[in-house]
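Report on the following structure.
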Amino acid sequence: RQQKWKSSVSTQAKMPPCDFVPEKYESYPYERMRKIRERNIAPSLRTYYKKPLLLHQGHMQWLFDHEGRRYLDLFAGIVTVSVGHCHPKVTMATQKQLARLWHTTNIYMYPAIHEYAEKLTSLLPDPLKVVYLTNSGSEANDLAVFMARLHTRNFDIISLRGGYHGSSPYTLGLTSLTPYKHGVANGFGCTTTMLPDVFRGPWGGSHCRDSPVQTVRKCSCTEGACLAKDQYIEQFKDTLNTSVPKTVAGFIAEPIQGVNGAVQYPRNFLKEAYHLIRERGGLCISDEVQTGFGRTGSHFWGFQTHGVVPDIVTLAKGIGNGFPMAAVVTTKEIASSLAQNLHFNTFGGNPLACVAGAAVLDAIEEDSLQKNSEDVGTYMLLELAKLRDKFEIVGDVRGKGLMIGVEMVTDKDSQCPLPAEEISQIWEDCKDMGVLIGRGGLYSQTFRIKPPMCITKRDVDFAVQVFRTALQRHVERAA
């Protein structure tokens, strides 16, 4: 039986019931695991929380630790568990393939890669119909940049400040967050430009973004005329006119920034930026690693929320519900640039990955998870906005569907980021009450809420009540 446990933090919130009973934990004791971590696992792989969680089993939106405690997972393995932990459909399909064929590599034909390529590309608009399968988002973005440079025969790539596109040597130049930067030469041919952030940036306010919740800062934008967008586009033009050659290879952006805390741009910013890049011979790359597969609710792909069609789309994370796979989707013409010489990926598109990916697409459709993302995500955003109105330290609530950021500040006037140790305490309290959330932003000041897309409104009520209790505790500590 599941162990009863008492949190060090008392809450009135009642965790929704769950019929699933986890198996008994039978691996090494907790302290031995910690010692192995210190001795044998690279220290760059940091853990969350003062006392790291030892997780043992998962079921849909729930995780269970080694003592049988249950947690509502609002971070989904960093936005990766799209349809639910150990989703029965995906599990069953993968187990079946596991017994049939794991790996031949793509020098042969096998059913899974062809079935999956057709299924995936059918969900993308023309002319995005050719897919190159890889194993991770960094790999996908790396390849997208390589393709853009080969195809255009230009070199310079522009990315937005605050963007995260991977940690490989190539993508590190595109990633624009100091904690990920190492003191080695990287980023040759990569230029960052001002982030059009309508909360923390110099322009923007209560009318600018595509979200059920707007910033509290007032703005003078009117329907169809966003002054903030115009100002940020001027900054983009300034970068094009000063920092790069007359022709560029491309521009990469996430439709909503993930690691930086669900930062959204003013409406129509991407549309105009794409136009400016194409005028200079560049390709537009949409990094859908976090926003793809229905997570934004209103659309299946994040780029569709901006009314644009990119030249290259990169996919990872939710694509396999946790199975390591990723993809670059582009046009036949751009893909053929890579065929002039050999370019090979041993594991990309292996039978297991393709079967997992196909089962994820089926689950999204059969479980109506895009609609669930829209309904439950909108409900959660509006509930969190009530907390923003009540607590001075909640500066901004933003996002779309189940891609949500809650930015913490010392006070709403100064917008100074709440100090990391204070945020950590709120975060730890939420965990102690059974809710796991992520962190992000330039100063680690934003809570990232990106759960498996199967969560319910009942789960949201519990999570919001827990978050309210944690905020209240912070107010009491400060007093």
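Ligands are numbered from 1 in the order shown, residues from 1 within each chain, and chains are lettered A, B, ... in the order they appear in the structure tokens.
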
Taking the backbone alone, and naming residues the way the document does, which bits of region 163-319 of chain A are strand (DSSP E) by DSSP, as a PyMOL selection string?
-> chain A and resi 190-193+250-253+283-287+312-315

Could you write those residues out with N, CA and C atoms, as a PDB file, in the first residue's frame?
ATOM      1  N   CYS A 190      27.345  33.800 -34.847  1.00  0.00           N
ATOM      2  CA  CYS A 190      26.037  33.894 -34.185  1.00  0.00           C
ATOM      3  C   CYS A 190      25.900  35.279 -33.550  1.00  0.00           C
ATOM      4  N   THR A 191      24.794  35.949 -33.819  1.00  0.00           N
ATOM      5  CA  THR A 191      24.553  37.286 -33.268  1.00  0.00           C
ATOM      6  C   THR A 191      23.218  37.290 -32.549  1.00  0.00           C
ATOM      7  N   THR A 192      23.195  37.846 -31.330  1.00  0.00           N
ATOM      8  CA  THR A 192      21.911  37.925 -30.622  1.00  0.00           C
ATOM      9  C   THR A 192      21.324  39.320 -30.804  1.00  0.00           C
ATOM     10  N   THR A 193      19.997  39.388 -30.712  1.00  0.00           N
ATOM     11  CA  THR A 193      19.314  40.668 -30.824  1.00  0.00           C
ATOM     12  C   THR A 193      18.362  40.827 -29.647  1.00  0.00           C
ATOM     13  N   GLY A 250      20.366  32.795 -41.535  1.00  0.00           N
ATOM     14  CA  GLY A 250      19.046  32.563 -40.959  1.00  0.00           C
ATOM     15  C   GLY A 250      18.825  33.200 -39.605  1.00  0.00           C
ATOM     16  N   PHE A 251      17.626  32.935 -39.093  1.00  0.00           N
ATOM     17  CA  PHE A 251      17.162  33.444 -37.804  1.00  0.00           C
ATOM     18  C   PHE A 251      16.459  32.296 -37.092  1.00  0.00           C
ATOM     19  N   ILE A 252      16.823  32.058 -35.831  1.00  0.00           N
ATOM     20  CA  ILE A 252      16.175  30.989 -35.057  1.00  0.00           C
ATOM     21  C   ILE A 252      15.495  31.587 -33.835  1.00  0.00           C
ATOM     22  N   ALA A 253      14.260  31.157 -33.567  1.00  0.00           N
ATOM     23  CA  ALA A 253      13.550  31.624 -32.379  1.00  0.00           C
ATOM     24  C   ALA A 253      12.554  30.560 -31.932  1.00  0.00           C
ATOM     25  N   LEU A 283      17.127  31.945 -43.962  1.00  0.00           N
ATOM     26  CA  LEU A 283      16.036  31.017 -43.671  1.00  0.00           C
ATOM     27  C   LEU A 283      15.534  31.252 -42.250  1.00  0.00           C
ATOM     28  N   CYS A 284      14.254  30.945 -42.029  1.00  0.00           N
ATOM     29  CA  CYS A 284      13.653  31.127 -40.704  1.00  0.00           C
ATOM     30  C   CYS A 284      13.460  29.765 -40.050  1.00  0.00           C
ATOM     31  N   ILE A 285      14.045  29.615 -38.872  1.00  0.00           N
ATOM     32  CA  ILE A 285      13.996  28.338 -38.142  1.00  0.00           C
ATOM     33  C   ILE A 285      13.111  28.511 -36.911  1.00  0.00           C
ATOM     34  N   SER A 286      12.093  27.658 -36.792  1.00  0.00           N
ATOM     35  CA  SER A 286      11.244  27.681 -35.591  1.00  0.00           C
ATOM     36  C   SER A 286      11.658  26.528 -34.678  1.00  0.00           C
ATOM     37  N   ASP A 287      12.139  26.867 -33.504  1.00  0.00           N
ATOM     38  CA  ASP A 287      12.542  25.872 -32.506  1.00  0.00           C
ATOM     39  C   ASP A 287      11.298  25.482 -31.709  1.00  0.00           C
ATOM     40  N   ILE A 312      12.453  25.917 -41.735  1.00  0.00           N
ATOM     41  CA  ILE A 312      12.938  24.727 -41.021  1.00  0.00           C
ATOM     42  C   ILE A 312      12.273  24.711 -39.648  1.00  0.00           C
ATOM     43  N   VAL A 313      11.828  23.529 -39.220  1.00  0.00           N
ATOM     44  CA  VAL A 313      11.239  23.373 -37.890  1.00  0.00           C
ATOM     45  C   VAL A 313      12.045  22.317 -37.145  1.00  0.00           C
ATOM     46  N   THR A 314      12.388  22.592 -35.890  1.00  0.00           N
ATOM     47  CA  THR A 314      13.086  21.580 -35.086  1.00  0.00           C
ATOM     48  C   THR A 314      12.161  21.106 -33.969  1.00  0.00           C
ATOM     49  N   LEU A 315      12.179  19.791 -33.745  1.00  0.00           N
ATOM     50  CA  LEU A 315      11.282  19.149 -32.777  1.00  0.00           C
ATOM     51  C   LEU A 315      12.085  18.239 -31.862  1.00  0.00           C
TER      52      LEU A 315
END

Residue neighbourhood Val184 (chain A), 12 Å, only C-alpha atoms, exclusion window fewer than 6 positions, as a PyMOL selection string | chain A and resi 169+172-173

Check which residues of region 223-328 of chain A sit at most 6 Å from region 387-401 of chain A using only C-alpha atoms, and return one row each with the closest pair of atoms and their distance in Å to one decimal, ordered by chain and rising number, as JSON lines.
{"residue": "A:Ala262", "atom": "CA", "partner": "A:Gly399", "partner_atom": "CA", "distance": 5.9}
{"residue": "A:Arg295", "atom": "CA", "partner": "A:Gly401", "partner_atom": "CA", "distance": 5.9}
{"residue": "A:Thr296", "atom": "CA", "partner": "A:Gly401", "partner_atom": "CA", "distance": 4.1}
{"residue": "A:Gly297", "atom": "CA", "partner": "A:Gly401", "partner_atom": "CA", "distance": 4.5}

Would you mind exporting the chosen residues as a PDB file, in the first residue's frame, restricted to C-alpha atoms?
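So result-v9.pdb came out as:
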ATOM      1  CA  ALA A 262       7.597  31.287 -21.047  1.00  0.00           C
ATOM      2  CA  ARG A 295       1.123  22.242 -25.948  1.00  0.00           C
ATOM      3  CA  THR A 296       0.023  25.817 -26.742  1.00  0.00           C
ATOM      4  CA  GLY A 297      -3.577  24.588 -27.054  1.00  0.00           C
TER       5      GLY A 297
END

Between CA of Val81 (chain A) and CA of Pro452 (chain A), what is the distance, to one decimal in Å?
-> 5.4 Å

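Using only C-alpha atoms for every distance, the candidate list A:His151, A:Lys51, A:His85, A:His165 yields A:His85 as the residue closest to Ile455 (chain A).
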
Using only C-alpha atoms, what does the table of region 233-276 of chain A residues within 7 Å of region 204-222 of chain A look like, with each row giving the shortest atom pair and its distance in Å to one decimal, sorted by chain and ascending number, as JSON lines?
{"residue": "A:Gln264", "atom": "CA", "partner": "A:Arg209", "partner_atom": "CA", "distance": 6.5}
{"residue": "A:Tyr265", "atom": "CA", "partner": "A:Arg209", "partner_atom": "CA", "distance": 6.3}
{"residue": "A:Pro266", "atom": "CA", "partner": "A:Cys208", "partner_atom": "CA", "distance": 4.8}
{"residue": "A:Arg267", "atom": "CA", "partner": "A:Arg209", "partner_atom": "CA", "distance": 5.6}

All residues 10 Å or closer to Pro419 (chain A), only C-alpha atoms, same chain fewer than 3 positions away omitted, as a PyMOL selection string | chain A and resi 408-410+416+422-424+443-445

Compare A:Leu338, A:His182, A:Tyr116, A:Thr94 by their minimum atom-to-atom distance to Leu133 (chain A), counting only C-alpha atoms, and give me the closest one.
-> A:Tyr116

Using only C-alpha atoms, which protein or nucleic acid residues come within 7 Å of region 54-68 of chain A? Drop anything in the same chain fewer than 2 positions from it, and give the result as a PDB file with all heavy atoms, in the first residue's frame.
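What follows is the written file out-v1.pdb:
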ATOM      1  N   GLN A   2       0.276   2.309  -0.565  1.00  0.00           N
ATOM      2  CA  GLN A   2       1.005   3.568  -0.615  1.00  0.00           C
ATOM      3  C   GLN A   2       1.157   4.133   0.797  1.00  0.00           C
ATOM      4  O   GLN A   2       0.205   4.160   1.561  1.00  0.00           O
ATOM      5  CB  GLN A   2       0.205   4.537  -1.487  1.00  0.00           C
ATOM      6  CG  GLN A   2       1.020   5.749  -1.875  1.00  0.00           C
ATOM      7  CD  GLN A   2       0.179   6.688  -2.724  1.00  0.00           C
ATOM      8  OE1 GLN A   2      -0.496   6.250  -3.627  1.00  0.00           O
ATOM      9  NE2 GLN A   2       0.210   7.958  -2.421  1.00  0.00           N
ATOM     10  N   GLN A   3       2.374   4.567   1.109  1.00  0.00           N
ATOM     11  CA  GLN A   3       2.607   5.096   2.455  1.00  0.00           C
ATOM     12  C   GLN A   3       1.898   6.428   2.654  1.00  0.00           C
ATOM     13  O   GLN A   3       1.853   7.262   1.765  1.00  0.00           O
ATOM     14  CB  GLN A   3       4.109   5.347   2.618  1.00  0.00           C
ATOM     15  CG  GLN A   3       4.816   4.216   3.317  1.00  0.00           C
ATOM     16  CD  GLN A   3       6.296   4.507   3.356  1.00  0.00           C
ATOM     17  OE1 GLN A   3       7.019   4.091   2.484  1.00  0.00           O
ATOM     18  NE2 GLN A   3       6.733   5.246   4.341  1.00  0.00           N
ATOM     19  N   PRO A  22       2.015   2.282  -6.947  1.00  0.00           N
ATOM     20  CA  PRO A  22       3.357   2.014  -7.447  1.00  0.00           C
ATOM     21  C   PRO A  22       3.923   0.709  -6.884  1.00  0.00           C
ATOM     22  O   PRO A  22       3.504   0.243  -5.822  1.00  0.00           O
ATOM     23  CB  PRO A  22       4.172   3.207  -6.936  1.00  0.00           C
ATOM     24  CG  PRO A  22       3.437   3.684  -5.726  1.00  0.00           C
ATOM     25  CD  PRO A  22       1.994   3.396  -5.983  1.00  0.00           C
ATOM     26  N   TYR A  25       9.625  -0.095  -3.884  1.00  0.00           N
ATOM     27  CA  TYR A  25      10.986   0.290  -4.258  1.00  0.00           C
ATOM     28  C   TYR A  25      11.964  -0.746  -3.708  1.00  0.00           C
ATOM     29  O   TYR A  25      11.948  -1.060  -2.518  1.00  0.00           O
ATOM     30  CB  TYR A  25      11.300   1.676  -3.680  1.00  0.00           C
ATOM     31  CG  TYR A  25      12.724   2.116  -3.901  1.00  0.00           C
ATOM     32  CD1 TYR A  25      13.126   2.633  -5.130  1.00  0.00           C
ATOM     33  CD2 TYR A  25      13.669   2.020  -2.890  1.00  0.00           C
ATOM     34  CE1 TYR A  25      14.433   3.042  -5.345  1.00  0.00           C
ATOM     35  CE2 TYR A  25      14.981   2.422  -3.087  1.00  0.00           C
ATOM     36  CZ  TYR A  25      15.358   2.937  -4.330  1.00  0.00           C
ATOM     37  OH  TYR A  25      16.661   3.334  -4.533  1.00  0.00           O
ATOM     38  N   PRO A  52      17.619  16.047  -2.813  1.00  0.00           N
ATOM     39  CA  PRO A  52      17.123  15.647  -4.134  1.00  0.00           C
ATOM     40  C   PRO A  52      16.115  14.493  -4.060  1.00  0.00           C
ATOM     41  O   PRO A  52      16.229  13.611  -3.203  1.00  0.00           O
ATOM     42  CB  PRO A  52      18.396  15.206  -4.869  1.00  0.00           C
ATOM     43  CG  PRO A  52      19.518  15.841  -4.130  1.00  0.00           C
ATOM     44  CD  PRO A  52      19.076  15.954  -2.710  1.00  0.00           C
ATOM     45  N   ARG A  70       3.597  10.545  -3.422  1.00  0.00           N
ATOM     46  CA  ARG A  70       3.094  10.896  -4.757  1.00  0.00           C
ATOM     47  C   ARG A  70       3.233  12.405  -4.971  1.00  0.00           C
ATOM     48  O   ARG A  70       2.992  13.199  -4.066  1.00  0.00           O
ATOM     49  CB  ARG A  70       1.620  10.473  -4.863  1.00  0.00           C
ATOM     50  CG  ARG A  70       0.957  10.841  -6.171  1.00  0.00           C
ATOM     51  CD  ARG A  70      -0.294   9.995  -6.424  1.00  0.00           C
ATOM     52  NE  ARG A  70      -1.317  10.116  -5.390  1.00  0.00           N
ATOM     53  CZ  ARG A  70      -2.440  10.819  -5.523  1.00  0.00           C
ATOM     54  NH1 ARG A  70      -2.680  11.487  -6.632  1.00  0.00           N
ATOM     55  NH2 ARG A  70      -3.325  10.841  -4.548  1.00  0.00           N
ATOM     56  N   TYR A  71       3.616  12.788  -6.181  1.00  0.00           N
ATOM     57  CA  TYR A  71       3.780  14.204  -6.535  1.00  0.00           C
ATOM     58  C   TYR A  71       3.031  14.491  -7.827  1.00  0.00           C
ATOM     59  O   TYR A  71       3.055  13.686  -8.764  1.00  0.00           O
ATOM     60  CB  TYR A  71       5.257  14.534  -6.766  1.00  0.00           C
ATOM     61  CG  TYR A  71       6.149  14.314  -5.566  1.00  0.00           C
ATOM     62  CD1 TYR A  71       6.724  13.060  -5.339  1.00  0.00           C
ATOM     63  CD2 TYR A  71       6.419  15.342  -4.669  1.00  0.00           C
ATOM     64  CE1 TYR A  71       7.539  12.837  -4.236  1.00  0.00           C
ATOM     65  CE2 TYR A  71       7.241  15.131  -3.563  1.00  0.00           C
ATOM     66  CZ  TYR A  71       7.801  13.878  -3.356  1.00  0.00           C
ATOM     67  OH  TYR A  71       8.605  13.660  -2.264  1.00  0.00           O
ATOM     68  N   LEU A  72       2.413  15.670  -7.893  1.00  0.00           N
ATOM     69  CA  LEU A  72       1.837  16.148  -9.148  1.00  0.00           C
ATOM     70  C   LEU A  72       2.976  16.786  -9.933  1.00  0.00           C
ATOM     71  O   LEU A  72       3.606  17.742  -9.469  1.00  0.00           O
ATOM     72  CB  LEU A  72       0.729  17.174  -8.865  1.00  0.00           C
ATOM     73  CG  LEU A  72       0.079  17.810 -10.099  1.00  0.00           C
ATOM     74  CD1 LEU A  72      -0.623  16.763 -10.962  1.00  0.00           C
ATOM     75  CD2 LEU A  72      -0.909  18.903  -9.679  1.00  0.00           C
ATOM     76  N   ASP A  73       3.246  16.247 -11.109  1.00  0.00           N
ATOM     77  CA  ASP A  73       4.391  16.694 -11.900  1.00  0.00           C
ATOM     78  C   ASP A  73       3.970  17.824 -12.840  1.00  0.00           C
ATOM     79  O   ASP A  73       3.319  17.592 -13.850  1.00  0.00           O
ATOM     80  CB  ASP A  73       4.927  15.499 -12.709  1.00  0.00           C
ATOM     81  CG  ASP A  73       6.145  15.877 -13.531  1.00  0.00           C
ATOM     82  OD1 ASP A  73       6.675  16.993 -13.336  1.00  0.00           O
ATOM     83  OD2 ASP A  73       6.563  15.064 -14.380  1.00  0.00           O
ATOM     84  N   GLY A  84       1.879  11.856 -20.895  1.00  0.00           N
ATOM     85  CA  GLY A  84       1.751  11.273 -19.553  1.00  0.00           C
ATOM     86  C   GLY A  84       2.813  10.218 -19.311  1.00  0.00           C
ATOM     87  O   GLY A  84       3.179   9.471 -20.213  1.00  0.00           O
ATOM     88  N   HIS A  85       3.335  10.165 -18.083  1.00  0.00           N
ATOM     89  CA  HIS A  85       4.352   9.174 -17.725  1.00  0.00           C
ATOM     90  C   HIS A  85       3.823   7.759 -18.008  1.00  0.00           C
ATOM     91  O   HIS A  85       2.725   7.399 -17.597  1.00  0.00           O
ATOM     92  CB  HIS A  85       4.710   9.273 -16.234  1.00  0.00           C
ATOM     93  CG  HIS A  85       5.453  10.525 -15.883  1.00  0.00           C
ATOM     94  ND1 HIS A  85       6.805  10.679 -16.125  1.00  0.00           N
ATOM     95  CD2 HIS A  85       5.036  11.691 -15.321  1.00  0.00           C
ATOM     96  CE1 HIS A  85       7.186  11.884 -15.715  1.00  0.00           C
ATOM     97  NE2 HIS A  85       6.138  12.514 -15.229  1.00  0.00           N
ATOM     98  N   CYS A  86       4.644   6.977 -18.697  1.00  0.00           N
ATOM     99  CA  CYS A  86       4.304   5.565 -18.976  1.00  0.00           C
ATOM    100  C   CYS A  86       2.894   5.433 -19.568  1.00  0.00           C
ATOM    101  O   CYS A  86       2.134   4.548 -19.183  1.00  0.00           O
ATOM    102  CB  CYS A  86       4.431   4.709 -17.715  1.00  0.00           C
ATOM    103  SG  CYS A  86       6.070   4.798 -16.984  1.00  0.00           S
ATOM    104  N   HIS A  87       2.547   6.319 -20.480  1.00  0.00           N
ATOM    105  CA  HIS A  87       1.227   6.268 -21.124  1.00  0.00           C
ATOM    106  C   HIS A  87       1.026   4.868 -21.702  1.00  0.00           C
ATOM    107  O   HIS A  87       1.870   4.371 -22.456  1.00  0.00           O
ATOM    108  CB  HIS A  87       1.149   7.318 -22.235  1.00  0.00           C
ATOM    109  CG  HIS A  87      -0.218   7.476 -22.817  1.00  0.00           C
ATOM    110  ND1 HIS A  87      -0.798   6.508 -23.612  1.00  0.00           N
ATOM    111  CD2 HIS A  87      -1.123   8.490 -22.725  1.00  0.00           C
ATOM    112  CE1 HIS A  87      -2.006   6.921 -23.989  1.00  0.00           C
ATOM    113  NE2 HIS A  87      -2.227   8.122 -23.460  1.00  0.00           N
ATOM    114  N   PRO A 452       2.627  17.324 -17.999  1.00  0.00           N
ATOM    115  CA  PRO A 452       2.078  16.418 -19.010  1.00  0.00           C
ATOM    116  C   PRO A 452       0.705  16.954 -19.429  1.00  0.00           C
ATOM    117  O   PRO A 452      -0.045  17.471 -18.584  1.00  0.00           O
ATOM    118  CB  PRO A 452       1.952  15.081 -18.272  1.00  0.00           C
ATOM    119  CG  PRO A 452       2.949  15.169 -17.155  1.00  0.00           C
ATOM    120  CD  PRO A 452       2.981  16.613 -16.759  1.00  0.00           C
ATOM    121  N   CYS A 454      -2.011  15.776 -19.972  1.00  0.00           N
ATOM    122  CA  CYS A 454      -3.198  15.047 -19.512  1.00  0.00           C
ATOM    123  C   CYS A 454      -3.737  15.577 -18.190  1.00  0.00           C
ATOM    124  O   CYS A 454      -4.700  15.031 -17.657  1.00  0.00           O
ATOM    125  CB  CYS A 454      -2.869  13.554 -19.378  1.00  0.00           C
ATOM    126  SG  CYS A 454      -1.483  13.242 -18.262  1.00  0.00           S
ATOM    127  N   ILE A 455      -3.145  16.631 -17.615  1.00  0.00           N
ATOM    128  CA  ILE A 455      -3.626  17.082 -16.300  1.00  0.00           C
ATOM    129  C   ILE A 455      -5.055  17.626 -16.383  1.00  0.00           C
ATOM    130  O   ILE A 455      -5.518  18.024 -17.444  1.00  0.00           O
ATOM    131  CB  ILE A 455      -2.689  18.098 -15.605  1.00  0.00           C
ATOM    132  CG1 ILE A 455      -2.692  19.447 -16.297  1.00  0.00           C
ATOM    133  CG2 ILE A 455      -1.297  17.584 -15.422  1.00  0.00           C
ATOM    134  CD1 ILE A 455      -2.230  20.569 -15.383  1.00  0.00           C
TER     135      ILE A 455
END
